[in-house]
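The structure appears below as structure tokens.
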Amino acid sequence: MLYFIGCPGHTSQPDSAKITQNALVFADSLVKTDSFETWPAYADLAQASVIKYYGGKQGYIDHILQGRWRTRSTIAENSSELKMLQLVNVLNDEWQCVIRESLYFHKDDQKYHFITYFVGKARMAGRPGACST
């Protein structure tokens, strides 16, 4: 899954802890909207070009739902765990990260461990709160 994270306000020396926090908050938003099946909110977190690729918001939601049944658990499960694996400052104003999502679920009396890697990029545009992707 590919997503683009929001970035914090501009500072002369970006704070990697703050960037990590923002990335994890964004990933958590994706996980929660998926978990609570709030599909319009989930689609709102996607990049506009992704929505366009699937023919609009409903097309994107339909695509997500096609694969969603594979990891739907037959019992109540703990929430996914998110962990920042890598945060790299690739340019002065551009950061890339990899976040690991770990989810256990049960299906047909079997326990499965599903791992997803989120890859994100943030650009600091030089003024507070402004980001471009």
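The way I read the labels, and the way they are meant: chains A, B, ... in the order of the structure tokens, residue 1 as the first residue of every chain, and ligand 1 as the first ligand shown, with later ones counted on from there.
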
_Could you pull out the alpha helix (DSSP H) residues of chain A, going by DSSP on the backbone, and write them as a VMD selection string?_
chain A and resid 16 to 35 39 to 44 48 to 53 57 to 68

Write the residues of the selection above to a file with C-alpha atoms, as a PDB file, in the first residue's frame.
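So again35.pdb came out as:
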ATOM      1  CA  SER A  16      12.531  13.525  13.082  1.00  0.00           C
ATOM      2  CA  ALA A  17      10.529  12.640  16.211  1.00  0.00           C
ATOM      3  CA  LYS A  18       7.722  14.980  15.114  1.00  0.00           C
ATOM      4  CA  ILE A  19       7.839  13.630  11.546  1.00  0.00           C
ATOM      5  CA  THR A  20       7.686  10.070  12.899  1.00  0.00           C
ATOM      6  CA  GLN A  21       4.733  10.992  15.109  1.00  0.00           C
ATOM      7  CA  ASN A  22       2.856  12.554  12.172  1.00  0.00           C
ATOM      8  CA  ALA A  23       3.516   9.523   9.973  1.00  0.00           C
ATOM      9  CA  LEU A  24       2.281   7.118  12.658  1.00  0.00           C
ATOM     10  CA  VAL A  25      -0.833   9.235  13.247  1.00  0.00           C
ATOM     11  CA  PHE A  26      -1.610   9.099   9.524  1.00  0.00           C
ATOM     12  CA  ALA A  27      -1.042   5.327   9.381  1.00  0.00           C
ATOM     13  CA  ASP A  28      -3.222   4.915  12.484  1.00  0.00           C
ATOM     14  CA  SER A  29      -5.983   6.869  10.733  1.00  0.00           C
ATOM     15  CA  LEU A  30      -5.822   4.433   7.808  1.00  0.00           C
ATOM     16  CA  VAL A  31      -5.920   1.431  10.143  1.00  0.00           C
ATOM     17  CA  LYS A  32      -8.828   2.797  12.207  1.00  0.00           C
ATOM     18  CA  THR A  33     -10.976   3.776   9.230  1.00  0.00           C
ATOM     19  CA  ASP A  34     -10.404   0.279   7.852  1.00  0.00           C
ATOM     20  CA  SER A  35     -11.133  -1.376  11.194  1.00  0.00           C
ATOM     21  CA  TRP A  39     -15.000   3.670   3.850  1.00  0.00           C
ATOM     22  CA  PRO A  40     -15.736   7.284   2.805  1.00  0.00           C
ATOM     23  CA  ALA A  41     -13.240   8.499   5.439  1.00  0.00           C
ATOM     24  CA  TYR A  42     -10.758   5.834   4.306  1.00  0.00           C
ATOM     25  CA  ALA A  43     -11.050   7.051   0.719  1.00  0.00           C
ATOM     26  CA  ASP A  44     -10.584  10.658   1.876  1.00  0.00           C
ATOM     27  CA  ALA A  48      -6.287  12.195  -5.482  1.00  0.00           C
ATOM     28  CA  SER A  49      -4.450  10.338  -8.269  1.00  0.00           C
ATOM     29  CA  VAL A  50      -5.334   6.999  -6.644  1.00  0.00           C
ATOM     30  CA  ILE A  51      -9.016   7.947  -6.484  1.00  0.00           C
ATOM     31  CA  LYS A  52      -8.854   9.026 -10.138  1.00  0.00           C
ATOM     32  CA  TYR A  53      -7.177   5.738 -11.143  1.00  0.00           C
ATOM     33  CA  LYS A  57     -14.240   7.585  -4.733  1.00  0.00           C
ATOM     34  CA  GLN A  58     -16.805   4.784  -5.044  1.00  0.00           C
ATOM     35  CA  GLY A  59     -14.607   2.866  -7.477  1.00  0.00           C
ATOM     36  CA  TYR A  60     -11.740   3.051  -4.983  1.00  0.00           C
ATOM     37  CA  ILE A  61     -13.984   1.890  -2.136  1.00  0.00           C
ATOM     38  CA  ASP A  62     -15.269  -1.015  -4.264  1.00  0.00           C
ATOM     39  CA  HIS A  63     -11.659  -2.051  -4.992  1.00  0.00           C
ATOM     40  CA  ILE A  64     -10.761  -1.991  -1.275  1.00  0.00           C
ATOM     41  CA  LEU A  65     -13.845  -4.042  -0.380  1.00  0.00           C
ATOM     42  CA  GLN A  66     -12.964  -6.746  -2.938  1.00  0.00           C
ATOM     43  CA  GLY A  67      -9.842  -7.669  -0.977  1.00  0.00           C
ATOM     44  CA  ARG A  68     -11.123  -6.832   2.496  1.00  0.00           C
TER      45      ARG A  68
END

*Can you list, as number ranges by chain, every protein, DNA or RNA residue that comes within 7 Å of Met84 of chain A when you count only C-alpha atoms, leaving out same-chain residues fewer than 5 positions away?*
A: 98-100

*For segment 88-91 of chain A, please output as a ChimeraX atom specification all residues within 12 Å (counting only C-alpha atoms; exclusion window: fewer than 3 positions along the same chain).*
/A:13-17,19-20,84-85,94-98,119-124

Any chance you could export the current selection's N, CA, C and O atoms as a compact mmCIF listing (two decimals), in the first residue's frame?
# COMPACT_ATOMS: atom_id res chain seq x y z
N GLN A 13 15.50 23.14 11.27
CA GLN A 13 16.03 21.79 11.39
C GLN A 13 14.84 20.88 11.69
O GLN A 13 14.34 20.88 12.81
N PRO A 14 14.37 20.12 10.70
CA PRO A 14 13.21 19.26 10.95
C PRO A 14 13.46 18.30 12.11
O PRO A 14 14.54 17.76 12.25
N ASP A 15 12.44 18.10 12.90
CA ASP A 15 12.50 17.22 14.05
C ASP A 15 12.01 15.84 13.63
O ASP A 15 10.83 15.65 13.36
N SER A 16 12.92 14.86 13.54
CA SER A 16 12.53 13.53 13.08
C SER A 16 11.51 12.88 14.01
O SER A 16 10.68 12.09 13.55
N ALA A 17 11.52 13.20 15.29
CA ALA A 17 10.53 12.64 16.21
C ALA A 17 9.13 13.13 15.84
O ALA A 17 8.17 12.36 15.86
N ILE A 19 8.18 14.22 12.84
CA ILE A 19 7.84 13.63 11.55
C ILE A 19 7.39 12.18 11.74
O ILE A 19 6.40 11.74 11.15
N THR A 20 8.08 11.45 12.59
CA THR A 20 7.69 10.07 12.90
C THR A 20 6.29 10.04 13.51
O THR A 20 5.45 9.23 13.11
N MET A 84 7.43 2.26 13.22
CA MET A 84 8.26 2.93 12.23
C MET A 84 9.53 2.10 12.04
O MET A 84 10.27 1.86 12.99
N LEU A 85 9.76 1.63 10.83
CA LEU A 85 10.96 0.84 10.55
C LEU A 85 12.10 1.70 10.05
O LEU A 85 13.27 1.44 10.35
N GLU A 94 12.70 16.72 2.03
CA GLU A 94 11.92 15.54 1.68
C GLU A 94 12.30 14.36 2.57
O GLU A 94 13.48 14.05 2.72
N TRP A 95 11.29 13.72 3.12
CA TRP A 95 11.47 12.58 4.01
C TRP A 95 10.72 11.38 3.45
O TRP A 95 9.65 11.52 2.88
N GLN A 96 11.28 10.20 3.63
CA GLN A 96 10.61 8.96 3.27
C GLN A 96 10.60 8.04 4.48
O GLN A 96 11.54 8.06 5.28
N CYS A 97 9.54 7.25 4.58
CA CYS A 97 9.46 6.34 5.72
C CYS A 97 8.84 5.01 5.32
O CYS A 97 8.16 4.91 4.31
N VAL A 98 9.10 4.02 6.15
CA VAL A 98 8.48 2.70 6.02
C VAL A 98 7.90 2.37 7.39
O VAL A 98 8.60 2.40 8.40
N VAL A 119 4.58 2.72 2.76
CA VAL A 119 5.71 3.52 2.30
C VAL A 119 5.19 4.93 2.08
O VAL A 119 4.22 5.13 1.35
N GLY A 120 5.83 5.91 2.71
CA GLY A 120 5.34 7.27 2.62
C GLY A 120 6.42 8.27 2.30
O GLY A 120 7.61 8.01 2.48
N LYS A 121 5.98 9.42 1.83
CA LYS A 121 6.89 10.50 1.50
C LYS A 121 6.24 11.81 1.91
O LYS A 121 5.04 12.01 1.70
N ALA A 122 7.03 12.69 2.49
CA ALA A 122 6.54 14.01 2.87
C ALA A 122 7.54 15.05 2.38
O ALA A 122 8.75 14.84 2.44
N ARG A 123 7.01 16.15 1.91
CA ARG A 123 7.85 17.27 1.50
C ARG A 123 7.49 18.48 2.32
O ARG A 123 6.33 18.81 2.46
N MET A 124 8.49 19.14 2.81
CA MET A 124 8.27 20.37 3.56
C MET A 124 8.37 21.51 2.54
O MET A 124 9.38 21.65 1.87

*DSSP says strand (DSSP E or B) for which residues of chain A? Put them as number ranges by chain?*
A: 2, 81-91, 94-107, 110-124, 131-132

Using the selection just defined, write its residues with C-alpha atoms as an mmCIF file, in the first residue's frame.
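Listing of out_13.cif after writing:
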data_model
loop_
_atom_site.group_PDB
_atom_site.id
_atom_site.type_symbol
_atom_site.label_atom_id
_atom_site.label_comp_id
_atom_site.auth_asym_id
_atom_site.auth_seq_id
_atom_site.Cartn_x
_atom_site.Cartn_y
_atom_site.Cartn_z
ATOM 1 C CA LEU A 2 1.348 3.431 -0.888
ATOM 2 C CA GLU A 81 0.374 -2.702 15.788
ATOM 3 C CA LEU A 82 2.259 0.024 13.931
ATOM 4 C CA LYS A 83 6.021 0.450 14.031
ATOM 5 C CA MET A 84 8.264 2.932 12.234
ATOM 6 C CA LEU A 85 10.958 0.842 10.553
ATOM 7 C CA GLN A 86 12.814 3.544 8.688
ATOM 8 C CA LEU A 87 12.789 7.322 8.351
ATOM 9 C CA VAL A 88 15.216 8.847 5.882
ATOM 10 C CA ASN A 89 15.865 12.464 4.985
ATOM 11 C CA VAL A 90 16.497 11.994 1.262
ATOM 12 C CA LEU A 91 16.777 15.727 0.522
ATOM 13 C CA GLU A 94 11.924 15.536 1.679
ATOM 14 C CA TRP A 95 11.466 12.578 4.010
ATOM 15 C CA GLN A 96 10.613 8.961 3.266
ATOM 16 C CA CYS A 97 9.463 6.342 5.723
ATOM 17 C CA VAL A 98 8.480 2.697 6.025
ATOM 18 C CA ILE A 99 5.902 1.709 8.640
ATOM 19 C CA ARG A 100 5.087 -1.906 9.461
ATOM 20 C CA GLU A 101 1.515 -2.881 10.334
ATOM 21 C CA SER A 102 1.126 -6.213 12.115
ATOM 22 C CA LEU A 103 -2.335 -7.753 12.412
ATOM 23 C CA TYR A 104 -3.450 -11.147 13.696
ATOM 24 C CA PHE A 105 -6.789 -12.547 12.574
ATOM 25 C CA HIS A 106 -8.681 -15.828 12.617
ATOM 26 C CA LYS A 107 -10.428 -17.451 9.689
ATOM 27 C CA GLN A 110 -6.783 -20.830 11.766
ATOM 28 C CA LYS A 111 -4.741 -17.953 13.166
ATOM 29 C CA TYR A 112 -2.998 -15.764 10.589
ATOM 30 C CA HIS A 113 -0.408 -13.012 10.883
ATOM 31 C CA PHE A 114 -0.905 -10.340 8.226
ATOM 32 C CA ILE A 115 1.877 -7.797 7.696
ATOM 33 C CA THR A 116 1.567 -4.653 5.599
ATOM 34 C CA TYR A 117 4.312 -2.149 4.860
ATOM 35 C CA PHE A 118 3.288 1.456 4.345
ATOM 36 C CA VAL A 119 5.715 3.516 2.300
ATOM 37 C CA GLY A 120 5.337 7.273 2.623
ATOM 38 C CA LYS A 121 6.886 10.504 1.496
ATOM 39 C CA ALA A 122 6.543 14.014 2.866
ATOM 40 C CA ARG A 123 7.848 17.271 1.501
ATOM 41 C CA MET A 124 8.267 20.370 3.558
ATOM 42 C CA CYS A 131 3.021 20.194 2.152
ATOM 43 C CA SER A 132 3.212 18.918 -1.362
#
